[in-house]
Structure formats: C-alpha cells, structure tokens
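Source file: coords_24.pdb; contents: PDB, C-alpha atoms.
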```pdb
MODEL        1
ATOM      1  CA  MET P 178      38.966  71.565  49.567
ATOM      2  CA  SER P 179      37.882  70.302  46.169
ATOM      3  CA  LYS P 180      40.755  69.847  43.730
ATOM      4  CA  LEU P 181      41.278  67.638  40.696
ATOM      5  CA  ILE P 182      44.660  65.929  40.465
ATOM      6  CA  ASP P 183      47.029  67.892  38.272
ATOM      7  CA  PHE P 184      49.273  65.471  36.391
ATOM      8  CA  ASN P 185      52.530  67.400  36.129
ATOM      9  CA  GLY P 186      55.252  64.975  35.124
ATOM     10  CA  HIS P 187      55.060  61.424  36.408
ATOM     11  CA  THR P 188      52.676  60.709  39.257
ATOM     12  CA  THR P 189      52.317  57.836  41.671
ATOM     13  CA  VAL P 190      48.879  57.452  43.207
ATOM     14  CA  LEU P 191      48.715  55.444  46.400
ATOM     15  CA  GLY P 192      45.764  54.268  48.416
ATOM     16  CA  ILE P 193      44.063  51.179  49.758
ATOM     17  CA  THR P 194      40.966  49.709  48.161
ATOM     18  CA  ARG P 195      37.996  52.060  48.448
ATOM     19  CA  SER P 196      40.166  54.981  49.417
ATOM     20  CA  GLY P 197      38.966  56.874  46.378
ATOM     21  CA  LYS P 198      42.234  56.764  44.439
ATOM     22  CA  THR P 199      40.845  55.178  41.264
ATOM     23  CA  TYR P 200      37.742  57.363  41.209
ATOM     24  CA  ALA P 201      39.812  60.517  41.741
ATOM     25  CA  THR P 202      42.307  59.483  39.076
ATOM     26  CA  LYS P 203      39.589  58.665  36.538
ATOM     27  CA  LYS P 204      37.775  61.935  37.146
ATOM     28  CA  SER P 205      40.978  63.958  36.927
ATOM     29  CA  LEU P 206      42.211  62.153  33.799
ATOM     30  CA  ALA P 207      38.902  62.802  32.097
ATOM     31  CA  ARG P 208      39.676  66.534  32.279
ATOM     32  CA  VAL P 209      43.258  66.580  30.976
ATOM     33  CA  ASN P 210      44.027  68.058  27.568
ATOM     34  CA  GLU P 211      46.124  65.127  26.429
ATOM     35  CA  GLY P 212      45.140  61.710  25.168
ATOM     36  CA  VAL P 213      44.856  59.174  27.978
ATOM     37  CA  LEU P 214      45.550  55.462  27.870
ATOM     38  CA  PHE P 215      44.261  53.918  31.072
ATOM     39  CA  PHE P 216      45.482  50.361  31.538
ATOM     40  CA  ASN P 217      42.455  49.153  33.451
ATOM     41  CA  THR P 218      43.736  46.132  35.352
ATOM     42  CA  GLN P 219      40.587  45.796  37.424
ATOM     43  CA  HIS P 220      38.146  46.569  34.599
ATOM     44  CA  GLU P 221      36.627  49.520  36.431
ATOM     45  CA  ASP P 222      33.839  51.465  34.813
ATOM     46  CA  MET P 223      35.152  54.604  33.182
ATOM     47  CA  PRO P 224      32.409  56.909  31.945
ATOM     48  CA  GLY P 225      33.458  59.114  29.086
ATOM     49  CA  PHE P 226      36.350  56.859  28.055
ATOM     50  CA  SER P 227      36.418  54.851  24.828
ATOM     51  CA  MET P 228      36.627  51.124  25.498
ATOM     52  CA  ALA P 229      39.464  49.120  23.938
ATOM     53  CA  ASP P 230      41.101  45.746  24.426
ATOM     54  CA  TRP P 231      43.403  43.395  22.598
ATOM     55  CA  ASN P 232      40.868  42.862  19.858
ATOM     56  CA  ASN P 233      41.662  46.347  18.637
ATOM     57  CA  ALA P 234      44.591  47.202  16.419
ATOM     58  CA  TRP P 235      47.194  49.551  17.841
ATOM     59  CA  GLN P 236      46.603  51.945  14.933
ATOM     60  CA  SER P 237      43.032  52.600  16.027
ATOM     61  CA  ILE P 238      44.067  53.267  19.630
ATOM     62  CA  ASP P 239      46.929  55.487  18.496
ATOM     63  CA  GLY P 240      44.619  57.439  16.239
ATOM     64  CA  LEU P 241      42.268  58.210  19.116
ATOM     65  CA  LEU P 242      45.110  59.184  21.432
ATOM     66  CA  LYS P 243      46.402  61.652  18.847
ATOM     67  CA  LYS P 244      42.996  63.283  18.884
ATOM     68  CA  GLY P 245      43.197  63.664  22.634
ATOM     69  CA  ARG P 246      40.661  60.966  23.378
ATOM     70  CA  LYS P 247      40.566  58.955  26.575
ATOM     71  CA  ILE P 248      40.965  55.197  26.222
ATOM     72  CA  ASN P 249      39.828  52.650  28.782
ATOM     73  CA  TYR P 250      42.006  49.673  27.876
ATOM     74  CA  LYS P 251      40.772  46.441  29.476
ATOM     75  CA  PRO P 252      43.525  43.820  29.457
ATOM     76  CA  GLN P 253      42.973  40.098  29.676
ATOM     77  CA  PHE P 254      42.588  38.707  33.193
ATOM     78  CA  ASN P 255      45.316  36.125  32.605
ATOM     79  CA  GLU P 256      48.387  37.598  34.312
ATOM     80  CA  ASP P 257      50.886  36.512  31.715
ATOM     81  CA  THR P 258      48.820  37.905  28.881
ATOM     82  CA  ARG P 259      48.104  41.096  30.780
ATOM     83  CA  ASN P 260      51.812  41.715  31.273
ATOM     84  CA  LYS P 261      52.476  41.135  27.588
ATOM     85  CA  GLU P 262      49.720  43.557  26.653
ATOM     86  CA  LEU P 263      51.191  46.279  28.842
ATOM     87  CA  SER P 264      54.691  45.755  27.447
ATOM     88  CA  TYR P 265      53.290  45.826  23.927
ATOM     89  CA  LEU P 266      51.300  49.016  24.457
ATOM     90  CA  ILE P 267      54.264  50.815  25.986
ATOM     91  CA  ASP P 268      56.553  49.729  23.196
ATOM     92  CA  LYS P 269      54.106  51.082  20.636
ATOM     93  CA  LEU P 270      53.480  54.266  22.598
ATOM     94  CA  HIS P 271      57.115  55.084  23.275
ATOM     95  CA  ASP P 272      58.282  54.894  19.671
ATOM     96  CA  GLY P 273      60.609  57.869  19.743
ATOM     97  CA  THR P 274      58.080  60.345  18.350
ATOM     98  CA  GLU P 275      56.680  63.360  20.175
ATOM     99  CA  LYS P 276      53.192  63.066  21.565
ATOM    100  CA  LYS P 277      50.931  64.283  24.337
ATOM    101  CA  VAL P 278      49.706  61.235  26.188
ATOM    102  CA  VAL P 279      49.119  60.186  29.765
ATOM    103  CA  LEU P 280      49.671  56.483  30.373
ATOM    104  CA  ALA P 281      47.943  55.385  33.579
ATOM    105  CA  VAL P 282      48.465  51.866  34.887
ATOM    106  CA  ASP P 283      46.246  50.524  37.623
ATOM    107  CA  GLU P 284      47.710  48.150  40.225
ATOM    108  CA  VAL P 285      51.290  48.508  39.005
ATOM    109  CA  HIS P 286      52.551  46.297  41.816
ATOM    110  CA  LEU P 287      50.951  43.300  40.084
ATOM    111  CA  MET P 288      53.054  43.605  36.932
ATOM    112  CA  ASP P 289      55.963  41.299  36.168
ATOM    113  CA  LYS P 290      59.596  42.119  35.521
ATOM    114  CA  ALA P 291      59.201  42.654  31.790
ATOM    115  CA  ALA P 292      56.213  44.964  32.230
ATOM    116  CA  ASN P 293      58.091  46.852  34.929
ATOM    117  CA  LYS P 294      61.009  47.330  32.544
ATOM    118  CA  ALA P 295      58.594  48.820  30.059
ATOM    119  CA  MET P 296      57.141  51.197  32.636
ATOM    120  CA  ILE P 297      60.641  52.180  33.724
ATOM    121  CA  LYS P 298      61.326  53.151  30.125
ATOM    122  CA  ILE P 299      58.418  55.598  30.350
ATOM    123  CA  ALA P 300      59.503  56.768  33.784
ATOM    124  CA  THR P 301      63.080  57.504  32.707
ATOM    125  CA  THR P 302      62.650  58.842  29.179
ATOM    126  CA  GLY P 303      58.935  59.335  28.577
ATOM    127  CA  LEU P 304      58.614  62.985  29.529
ATOM    128  CA  ARG P 305      60.967  64.230  26.832
ATOM    129  CA  PHE P 306      58.588  62.660  24.293
ATOM    130  CA  GLY P 307      55.496  64.020  26.000
ATOM    131  CA  ILE P 308      54.438  60.804  27.735
ATOM    132  CA  LYS P 309      53.461  61.116  31.367
ATOM    133  CA  GLY P 310      53.180  58.057  33.575
ATOM    134  CA  VAL P 311      50.566  57.648  36.282
ATOM    135  CA  TRP P 312      51.151  54.629  38.488
ATOM    136  CA  LEU P 313      48.314  53.525  40.761
ATOM    137  CA  SER P 314      48.833  51.075  43.573
ATOM    138  CA  GLN P 315      47.610  49.990  46.981
ATOM    139  CA  ARG P 316      50.996  48.454  47.848
ATOM    140  CA  PRO P 317      53.788  51.049  47.654
ATOM    141  CA  ALA P 318      56.189  48.481  49.118
ATOM    142  CA  ASN P 319      55.791  46.410  45.952
ATOM    143  CA  ILE P 320      56.192  49.207  43.419
ATOM    144  CA  ASP P 321      59.453  49.194  41.504
ATOM    145  CA  ASN P 322      61.943  51.542  43.141
ATOM    146  CA  THR P 323      62.679  53.366  39.874
ATOM    147  CA  LEU P 324      59.004  54.176  39.324
ATOM    148  CA  MET P 325      58.914  55.704  42.789
ATOM    149  CA  THR P 326      62.092  57.742  42.490
ATOM    150  CA  GLN P 327      61.205  58.967  39.004
ATOM    151  CA  SER P 328      57.821  60.281  40.096
ATOM    152  CA  ASN P 329      57.532  64.056  40.271
ATOM    153  CA  GLN P 330      54.700  63.820  42.751
ATOM    154  CA  PHE P 331      52.751  61.452  44.930
ATOM    155  CA  VAL P 332      48.997  61.556  45.396
ATOM    156  CA  ILE P 333      48.398  59.740  48.634
ATOM    157  CA  PHE P 334      45.052  58.483  49.823
ATOM    158  CA  LYS P 335      44.414  56.383  52.889
ATOM    159  CA  LEU P 336      47.068  53.682  53.381
ATOM    160  CA  ASN P 337      47.441  50.949  55.978
ATOM    161  CA  MET P 338      50.733  50.196  57.698
ATOM    162  CA  GLU P 339      52.909  51.643  54.922
ATOM    163  CA  GLY P 340      54.460  54.350  57.080
ATOM    164  CA  ALA P 341      57.882  52.740  57.245
ATOM    165  CA  TYR P 342      58.008  52.414  53.474
ATOM    166  CA  LEU P 343      56.991  56.027  52.912
ATOM    167  CA  ASP P 344      59.660  57.101  55.396
ATOM    168  CA  ARG P 345      62.241  55.388  53.218
ATOM    169  CA  TYR P 346      61.444  57.916  50.496
ATOM    170  CA  ARG P 347      61.619  60.758  53.011
ATOM    171  CA  MET P 348      57.870  61.269  52.907
ATOM    172  CA  PRO P 349      56.422  62.658  56.145
ATOM    173  CA  SER P 350      54.267  59.612  56.816
ATOM    174  CA  GLU P 351      52.881  60.778  60.160
ATOM    175  CA  GLU P 352      51.907  64.147  58.745
ATOM    176  CA  ILE P 353      50.310  62.458  55.754
ATOM    177  CA  LYS P 354      48.319  60.197  58.016
ATOM    178  CA  ALA P 355      47.187  63.146  60.151
ATOM    179  CA  LYS P 356      46.048  65.141  57.119
ATOM    180  CA  ILE P 357      44.155  62.194  55.670
ATOM    181  CA  GLU P 358      42.386  61.577  58.964
ATOM    182  CA  SER P 359      41.495  65.234  59.316
ATOM    183  CA  GLY P 360      40.120  65.471  55.798
ATOM    184  CA  GLY P 361      37.672  62.601  56.054
ATOM    185  CA  LYS P 362      36.684  59.976  53.546
ATOM    186  CA  TYR P 363      38.144  59.876  49.984
ATOM    187  CA  ASN P 364      40.512  62.756  50.491
ATOM    188  CA  TYR P 365      44.161  62.844  49.494
ATOM    189  CA  THR P 366      47.429  64.627  50.111
ATOM    190  CA  LEU P 367      49.972  65.748  47.546
ATOM    191  CA  TYR P 368      53.724  65.317  48.055
ATOM    192  CA  ASP P 369      56.251  66.612  45.521
ATOM    193  CA  TRP P 370      59.505  65.758  47.301
ATOM    194  CA  GLU P 371      59.618  69.238  48.818
ATOM    195  CA  SER P 372      56.323  69.926  50.484
ATOM    196  CA  LEU P 373      53.131  68.231  51.550
ATOM    197  CA  LYS P 374      49.818  69.790  50.589
ATOM    198  CA  GLY P 375      46.235  68.938  51.354
ATOM    199  CA  PRO P 376      44.011  67.355  52.261
ATOM    200  CA  PHE P 377      42.021  67.657  49.073
ATOM    201  CA  LYS P 378      39.038  65.894  47.655
ATOM    202  CA  VAL P 379      38.173  65.441  44.011
TER
ATOM    203  CA  MET U  94      41.720  51.559  10.626
ATOM    204  CA  SER U  95      43.386  48.378   9.379
ATOM    205  CA  GLY U  96      46.193  46.366  10.924
ATOM    206  CA  ALA U  97      46.642  43.264  13.035
ATOM    207  CA  THR U  98      44.962  43.336  16.417
ATOM    208  CA  ILE U  99      47.011  43.502  19.570
ATOM    209  CA  ALA U 100      46.021  39.900  20.319
ATOM    210  CA  GLU U 101      47.249  38.755  16.925
ATOM    211  CA  GLU U 102      50.554  40.542  17.294
ATOM    212  CA  ILE U 103      51.158  39.217  20.796
ATOM    213  CA  ASN U 104      50.211  35.660  19.865
ATOM    214  CA  ALA U 105      52.413  35.835  16.791
ATOM    215  CA  GLY U 106      55.307  36.441  19.121
ATOM    216  CA  GLY U 107      55.697  40.047  18.094
ATOM    217  CA  MET U 108      56.644  41.092  21.586
ATOM    218  CA  PRO U 109      58.811  44.129  22.018
ATOM    219  CA  ASN U 110      62.355  43.854  23.295
ATOM    220  CA  VAL U 111      62.132  46.474  25.977
ATOM    221  CA  GLU U 112      65.507  47.765  27.023
ATOM    222  CA  THR U 113      66.247  49.256  30.386
ATOM    223  CA  THR U 114      67.302  52.882  30.001
ATOM    224  CA  GLU U 115      69.443  55.127  32.139
ATOM    225  CA  ASN U 116      68.035  57.041  35.057
ATOM    226  CA  LEU U 117      68.011  60.490  33.467
ATOM    227  CA  GLU U 118      64.964  62.285  34.837
ATOM    228  CA  GLY U 119      64.729  61.203  38.396
ATOM    229  CA  VAL U 120      65.247  62.130  41.969
ATOM    230  CA  HIS U 121      67.943  60.288  43.876
ATOM    231  CA  VAL U 122      66.863  58.887  47.204
ATOM    232  CA  ASP U 123      69.613  58.307  49.762
ATOM    233  CA  GLY U 124      69.852  55.385  52.072
ATOM    234  CA  GLY U 125      68.539  52.054  50.957
ATOM    235  CA  ASP U 126      67.951  52.944  47.328
ATOM    236  CA  ASP U 127      69.472  49.840  45.821
ATOM    237  CA  GLY U 128      67.362  49.953  42.700
ATOM    238  CA  SER U 129      65.965  46.539  43.363
ATOM    239  CA  GLY U 130      62.445  47.856  43.805
ATOM    240  CA  GLY U 131      61.922  45.725  46.892
ATOM    241  CA  SER U 132      59.304  43.856  44.937
ATOM    242  CA  ARG U 133      60.651  40.457  43.833
ATOM    243  CA  LEU U 134      63.798  38.420  44.506
ATOM    244  CA  ASP U 135      65.590  37.685  41.236
ATOM    245  CA  ILE U 136      67.205  34.251  41.405
ATOM    246  CA  SER U 137      67.875  33.913  37.694
ATOM    247  CA  PHE U 138      71.609  34.044  38.472
ATOM    248  CA  LEU U 139      71.293  30.436  39.686
ATOM    249  CA  LYS U 140      70.862  29.412  36.060
ATOM    250  CA  ALA U 141      73.943  31.254  34.805
ATOM    251  CA  LYS U 142      76.262  29.297  32.522
ATOM    252  CA  THR U 143      79.794  28.782  33.752
ATOM    253  CA  GLY U 144      82.743  30.616  32.209
ATOM    254  CA  GLU U 145      84.088  29.629  28.847
ATOM    255  CA  GLY U 146      86.729  27.009  28.212
ATOM    256  CA  PRO U 147      88.187  24.132  30.212
ATOM    257  CA  ILE U 148      89.229  24.422  33.824
ATOM    258  CA  GLU U 149      92.832  24.003  32.784
ATOM    259  CA  GLY U 150      92.604  27.338  31.027
ATOM    260  CA  TYR U 151      92.165  29.040  34.407
ATOM    261  CA  ILE U 152      95.115  27.403  36.158
ATOM    262  CA  GLN U 153      97.480  30.119  34.957
ATOM    263  CA  HIS U 154      94.890  32.833  35.658
ATOM    264  CA  PRO U 155      96.376  35.770  37.621
ATOM    265  CA  LEU U 156      93.866  35.214  40.401
ATOM    266  CA  ASN U 157      94.748  31.550  40.754
ATOM    267  CA  PHE U 158      97.118  32.187  43.631
ATOM    268  CA  ASN U 159      98.343  28.595  43.919
ATOM    269  CA  GLU U 160      97.841  27.555  40.283
ATOM    270  CA  SER U 161      95.566  24.753  41.429
ATOM    271  CA  ARG U 162      92.674  23.057  39.706
ATOM    272  CA  PRO U 163      90.105  23.719  42.487
ATOM    273  CA  VAL U 164      90.776  27.467  42.423
ATOM    274  CA  ALA U 165      90.705  27.363  38.618
ATOM    275  CA  ARG U 166      87.201  25.861  38.828
ATOM    276  CA  ILE U 167      86.081  28.590  41.236
ATOM    277  CA  ILE U 168      87.422  31.308  38.934
ATOM    278  CA  ARG U 169      85.641  29.776  35.942
ATOM    279  CA  GLY U 170      82.365  29.641  37.879
ATOM    280  CA  VAL U 171      82.636  33.204  39.135
ATOM    281  CA  THR U 172      83.407  34.356  35.596
ATOM    282  CA  GLY U 173      80.148  32.809  34.489
ATOM    283  CA  LEU U 174      78.183  34.427  37.312
ATOM    284  CA  MET U 175      79.647  37.899  37.167
ATOM    285  CA  GLY U 176      81.303  38.228  33.780
ATOM    286  CA  GLU U 177      84.203  40.158  35.157
ATOM    287  CA  LEU U 178      86.345  39.400  38.155
ATOM    288  CA  ASP U 179      87.303  42.812  39.463
ATOM    289  CA  PHE U 180      84.632  42.709  42.118
ATOM    290  CA  ALA U 181      85.208  43.093  45.807
ATOM    291  CA  LEU U 182      83.320  39.864  46.429
ATOM    292  CA  VAL U 183      85.746  37.899  44.267
ATOM    293  CA  ASP U 184      88.656  39.397  46.193
ATOM    294  CA  VAL U 185      87.039  38.394  49.478
ATOM    295  CA  MET U 186      86.345  34.835  48.330
ATOM    296  CA  LEU U 187      89.772  34.178  46.935
ATOM    297  CA  GLY U 188      91.402  35.941  49.844
ATOM    298  CA  ILE U 189      89.643  33.596  52.258
ATOM    299  CA  LEU U 190      90.787  30.605  50.249
ATOM    300  CA  GLU U 191      94.322  31.869  50.207
ATOM    301  CA  TYR U 192      94.231  32.512  53.922
ATOM    302  CA  MET U 193      92.904  29.059  54.707
ATOM    303  CA  ARG U 194      95.513  27.474  52.533
ATOM    304  CA  GLY U 195      98.167  29.481  54.270
ATOM    305  CA  ARG U 196      96.954  28.289  57.652
ATOM    306  CA  GLN U 197      96.926  24.668  56.495
ATOM    307  CA  SER U 198     100.525  25.047  55.360
ATOM    308  CA  VAL U 199     101.501  26.416  58.783
ATOM    309  CA  LYS U 200      99.796  23.505  60.579
ATOM    310  CA  ALA U 201     101.565  21.003  58.351
ATOM    311  CA  ASP U 202     104.947  22.392  59.307
TER
ENDMDL
END
```

I'd like the structure from this file rewritten - as structure tokens, please.
Amino acid sequence: MSKLIDFNGHTTVLGITRSGKTYATKKSLARVNEGVLFFNTQHEDMPGFSMADWNNAWQSIDGLLKKGRKINYKPQFNEDTRNKELSYLIDKLHDGTEKKVVLAVDEVHLMDKAANKAMIKIATTGLRFGIKGVWLSQRPANIDNTLMTQSNQFVIFKLNMEGAYLDRYRMPSEEIKAKIESGGKYNYTLYDWESLKGPFKV
Amino acid sequence: MSGATIAEEINAGGMPNVETTENLEGVHVDGGDDGSGGSRLDISFLKAKTGEGPIEGYIQHPLNFNESRPVARIIRGVTGLMGELDFALVDVMLGILEYMRGRQSVKAD
C-alpha cells in the first residue's frame, strides 16, 4: 500500500542503509505544509529542497522556513564542526517563538553529547512551539533514550539484529520483522506505542 | 538578508548554551529506562574536583563515625563527586567502613 509518512508529533525513522528510509523521509517531507530543515549528515541529494550550509546566515534560512520552504542543510564533514552546527541551528530554531517547522536530522546516532542535548530540547519542548523532530538512524541502540521515548511514532524499515533493542521499548519486533518481509523491498511499518500498522511503501 | 554566516558565528565562539529541559511531552517506558540513552559511557566524573576546604573540616562531619582523618578524606572526596551526601551509595560505603572498623576492634580485644 502506497502511503507517505505523516509527521504527527515527533518521529523516529529507523532502517539500515538502503532500506529506503532516507528516500521515504525526503519524499514525505517534500509534501508537508510546514517549513523543513533537513540536517543532511550524509549530503544526500534532495530534489526540490533549497541548499544551505554554514556559509549562509541564519536569517536567510529562517526567512525561508517561515515561508514554508524546504531546506537541505549540508553540514561540514568534520564531526566536531558538524555537531556545533547542529547545536547552533537548534538554538536558533528553538528561540521561544511559535513556528511551523519540521527539523529532520539524519544519522542522529552519530551526534555528540552537546548535539544530543540540543535535540532533546526539541524532543521535550519543541511541539508546544510548533517544532517537530524527525530523527533518522540505522542504529536504534545508539539513539539517545530521551529521543526514543519522546517520539510519538516510529517509522521502521528493514533493520538487522535490533530486535532486542526494539523489545526494550515494547515494540513488537517479531511482528515488525514479519510485516517488513511480507511487504518487500523499501517498505515500512508504523508504530505509535499502541498499534502496529503496515507494511506501507512511499 | 544580512548577518554573520553560521560559520562566522561558530568560529567566533558564539555557541549556544543548550540546557537540558524536563521530560514534559513524553511516554514513559518501564524497565531499563535509565535515561542514559545507551549510547556513550560518560566518565567525566573522574575529573570532578574534590569537596571544598581542608580535610580537617570534615573530621567533625556527622558522617565521620569515628572522627578520623581517613574517613574525613573520603567524605570530602564523595562531596566533590556527588555534591550531596544523602545518597544510598554513601551510606553503603561508610557503613562498610564502619563495619570493618568494628570487626578490627573485636579482633584486637
């Protein structure tokens, strides 16, 4: 069944490399009504998104987000700098004013403690200011616990050997695996703490 | 639009001081949810400064059960690590010390 991801509240998107998670997220984010700031850790191509990096001023990025534009932010490859960029962007984004923005961060498990603190700030108080977090990762075991527990839903693509970790969050890992296998390539399941739906394909 | 670039602001040291906020919007997960994230082991506590003041200032401390200098040093160190001393771990540590001292006294008799 074809279905774009609906970003209600905070979302964690899980899936191994080439599972389709980034493609599905990009395609779904391109259709949302809000502004989107995609922290593009792996510098993926993002058709339809406006390119930005640290050579831009925050004011220009903010201006586009307020107009509902989609931003493909490409951070520096240096890890330390990348973490600082993410912390900076979140601090600017979450300034206590109301807005309608989706902040998506690719490969969240790679971020350091300071960047995680920043993302936790979004996860715990972002929604009341209209900021939704989308956390993408291929290693759920390495995602900060608060980001996981604050997520309203999980979009789960194919994963390897993460069943025990999903069980810890009371996710029906065996059922998820069965649905993914039945749906074929690039499909996903949707878990919202109460029920498991899918498989779907974007 | 004008304004310093993100690179300029970061390199100028204009990094945000991001504070950790309370868990107000989330779902509580039972069993094993220790908030640590399971991602990285934080060993920064190894660099904690010891408690304030000289060791002698801790000899009369209420937890210094035998008013000795060694226990005073332990209390000062734990103060530096934990800030406060009303932790179960502190009770366990000092209780063990007190027990061992008690046993040594019995053997000496």

Would you give me, as CSV, each residue of chain P having an atom within 10 Å of an atom of chain U, along with its shortest atom pair and that distance in Å to one decimal, using only C-alpha atoms and sorting by chain and residue number?
```
residue,atom,partner,partner_atom,distance
P:His187,CA,U:Gly119,CA,9.9
P:Asp230,CA,U:Ile99,CA,8.0
P:Trp231,CA,U:Ile99,CA,4.7
P:Asn232,CA,U:Thr98,CA,5.4
P:Asn233,CA,U:Thr98,CA,5.0
P:Ala234,CA,U:Thr98,CA,3.9
P:Trp235,CA,U:Ile99,CA,6.3
P:Gln236,CA,U:Met94,CA,6.5
P:Ser237,CA,U:Met94,CA,5.7
P:Ile238,CA,U:Met94,CA,9.5
P:Gly240,CA,U:Met94,CA,8.6
P:Gln253,CA,U:Ala100,CA,9.8
P:Thr258,CA,U:Ile103,CA,8.5
P:Lys261,CA,U:Ile103,CA,7.2
P:Glu262,CA,U:Ile103,CA,7.4
P:Ser264,CA,U:Pro109,CA,7.0
P:Tyr265,CA,U:Pro109,CA,6.1
P:Leu266,CA,U:Ile99,CA,8.5
P:Ile267,CA,U:Val111,CA,9.0
P:Asp268,CA,U:Pro109,CA,6.2
P:Lys269,CA,U:Pro109,CA,8.5
P:His286,CA,U:Ser132,CA,7.8
P:Leu287,CA,U:Ser132,CA,9.7
P:Asp289,CA,U:Arg133,CA,9.0
P:Lys290,CA,U:Arg133,CA,8.5
P:Ala291,CA,U:Val111,CA,7.5
P:Ala292,CA,U:Val111,CA,8.7
P:Asn293,CA,U:Thr113,CA,9.6
P:Lys294,CA,U:Thr113,CA,6.0
P:Ala295,CA,U:Val111,CA,5.9
P:Met296,CA,U:Val111,CA,9.6
P:Ile297,CA,U:Thr113,CA,7.1
P:Lys298,CA,U:Thr114,CA,6.0
P:Ile299,CA,U:Thr114,CA,9.3
P:Ala300,CA,U:Glu118,CA,7.8
P:Thr301,CA,U:Asn116,CA,5.5
P:Thr302,CA,U:Glu118,CA,7.0
P:Gly303,CA,U:Glu118,CA,9.2
P:Leu304,CA,U:Glu118,CA,8.3
P:Arg305,CA,U:Glu118,CA,9.2
P:Arg316,CA,U:Ser132,CA,9.9
P:Pro317,CA,U:Ser132,CA,9.5
P:Ala318,CA,U:Gly131,CA,6.7
P:Asn319,CA,U:Ser132,CA,4.5
P:Ile320,CA,U:Ser132,CA,6.4
P:Asp321,CA,U:Gly130,CA,4.0
P:Asn322,CA,U:Gly130,CA,3.8
P:Thr323,CA,U:Gly128,CA,6.4
P:Leu324,CA,U:Gly130,CA,8.5
P:Met325,CA,U:Gly130,CA,8.7
P:Thr326,CA,U:Val120,CA,5.4
P:Gln327,CA,U:Gly119,CA,4.2
P:Ser328,CA,U:Gly119,CA,7.2
P:Asn329,CA,U:Gly119,CA,8.0
P:Arg345,CA,U:Gly125,CA,7.5
P:Tyr346,CA,U:Val122,CA,6.4
P:Arg347,CA,U:Val122,CA,8.0
P:Trp370,CA,U:Val120,CA,8.6
```

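The space separating CA of Thr143 in chain U from CA of Ala165 in chain U comes to 12.0 Å.
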
I need the residue set behind the PyMOL selection byres ((chain U and resi 187) around 12) for this file; please write it as number ranges by chain. U: 155-159, 163-168, 171, 178-186, 188-194

Could you save the residues just selected, with C-alpha atoms, as a tab-separated table (two decimals), in the frame of the given file?
```tsv
chain	number	residue	atom	x	y	z
U	155	PRO	CA	96.38	35.77	37.62
U	156	LEU	CA	93.87	35.21	40.40
U	157	ASN	CA	94.75	31.55	40.75
U	158	PHE	CA	97.12	32.19	43.63
U	159	ASN	CA	98.34	28.60	43.92
U	163	PRO	CA	90.10	23.72	42.49
U	164	VAL	CA	90.78	27.47	42.42
U	165	ALA	CA	90.70	27.36	38.62
U	166	ARG	CA	87.20	25.86	38.83
U	167	ILE	CA	86.08	28.59	41.24
U	168	ILE	CA	87.42	31.31	38.93
U	171	VAL	CA	82.64	33.20	39.14
U	178	LEU	CA	86.34	39.40	38.16
U	179	ASP	CA	87.30	42.81	39.46
U	180	PHE	CA	84.63	42.71	42.12
U	181	ALA	CA	85.21	43.09	45.81
U	182	LEU	CA	83.32	39.86	46.43
U	183	VAL	CA	85.75	37.90	44.27
U	184	ASP	CA	88.66	39.40	46.19
U	185	VAL	CA	87.04	38.39	49.48
U	186	MET	CA	86.34	34.84	48.33
U	188	GLY	CA	91.40	35.94	49.84
U	189	ILE	CA	89.64	33.60	52.26
U	190	LEU	CA	90.79	30.60	50.25
U	191	GLU	CA	94.32	31.87	50.21
U	192	TYR	CA	94.23	32.51	53.92
U	193	MET	CA	92.90	29.06	54.71
U	194	ARG	CA	95.51	27.47	52.53
```

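Separating CA of Ser227 in chain P from CA of Gly245 in chain P is a distance of 11.3 Å.
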
Given the point (41.8, 55.8, 43.6) in the coordinates of this file, which residues lie within 12 Å, counting all atoms listed in the file, and how would they look as an MDAnalysis selection string? chainID P and resid 182 189:206 219 221 281:284 311:315 332:336 362:365 378:379

The PyMOL selection byres ((chain P and resi 276) around 9) - which residues does that actually catch in the file I just gave you? List them as a VMD selection string. chain P and resid 211 to 212 242 to 243 270 274 to 275 277 to 278 306 to 308

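Straight-line separation from CA of Leu174 in chain U to CA of Glu145 in chain U: 11.4 Å.
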
Using the chain letters and numbering of this document, enumerate as a PDB file with C-alpha atoms, in the coordinates of the input the residues selected by the PyMOL selection byres ((chain U and resi 152) around 8).
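So the final result, stored in expr-v2.pdb, reads:
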```pdb
ATOM      1  CA  ILE U 148      89.229  24.422  33.824  1.00  0.00           C
ATOM      2  CA  GLU U 149      92.832  24.003  32.784  1.00  0.00           C
ATOM      3  CA  GLY U 150      92.604  27.338  31.027  1.00  0.00           C
ATOM      4  CA  TYR U 151      92.165  29.040  34.407  1.00  0.00           C
ATOM      5  CA  GLN U 153      97.480  30.119  34.957  1.00  0.00           C
ATOM      6  CA  HIS U 154      94.890  32.833  35.658  1.00  0.00           C
ATOM      7  CA  ASN U 157      94.748  31.550  40.754  1.00  0.00           C
ATOM      8  CA  GLU U 160      97.841  27.555  40.283  1.00  0.00           C
ATOM      9  CA  SER U 161      95.566  24.753  41.429  1.00  0.00           C
ATOM     10  CA  ARG U 162      92.674  23.057  39.706  1.00  0.00           C
ATOM     11  CA  VAL U 164      90.776  27.467  42.423  1.00  0.00           C
ATOM     12  CA  ALA U 165      90.705  27.363  38.618  1.00  0.00           C
TER      13      ALA U 165
END
```

What's the 10 Å shell around range 348-355 of chain P, counting all atoms listed in the file, without same-chain residues fewer than 6 positions away, as a list in words?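 Listed by chain and then number, they are Phe331, Ile333, Phe334, Lys335, Leu336, Asn337, Glu339, Gly340, Ala341, Tyr342, Tyr365, Thr366, Leu367, Tyr368, Asp369, Trp370, Glu371, Ser372, Leu373, Lys374, Gly375 and Pro376 of chain P.
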
Could you list as a PDB file with C-alpha atoms, in the coordinates of the input every residue that has an atom within 6 Å of (50.6, 62.5, 34.8), using the file's coordinates and counting only C-alpha atoms?
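Output contents, as saved in part-v3.pdb:
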```
ATOM      1  CA  PHE P 184      49.273  65.471  36.391  1.00  0.00           C
ATOM      2  CA  ASN P 185      52.530  67.400  36.129  1.00  0.00           C
ATOM      3  CA  GLY P 186      55.252  64.975  35.124  1.00  0.00           C
ATOM      4  CA  HIS P 187      55.060  61.424  36.408  1.00  0.00           C
ATOM      5  CA  THR P 188      52.676  60.709  39.257  1.00  0.00           C
ATOM      6  CA  VAL P 279      49.119  60.186  29.765  1.00  0.00           C
ATOM      7  CA  LYS P 309      53.461  61.116  31.367  1.00  0.00           C
ATOM      8  CA  GLY P 310      53.180  58.057  33.575  1.00  0.00           C
ATOM      9  CA  VAL P 311      50.566  57.648  36.282  1.00  0.00           C
TER      10      VAL P 311
END
```
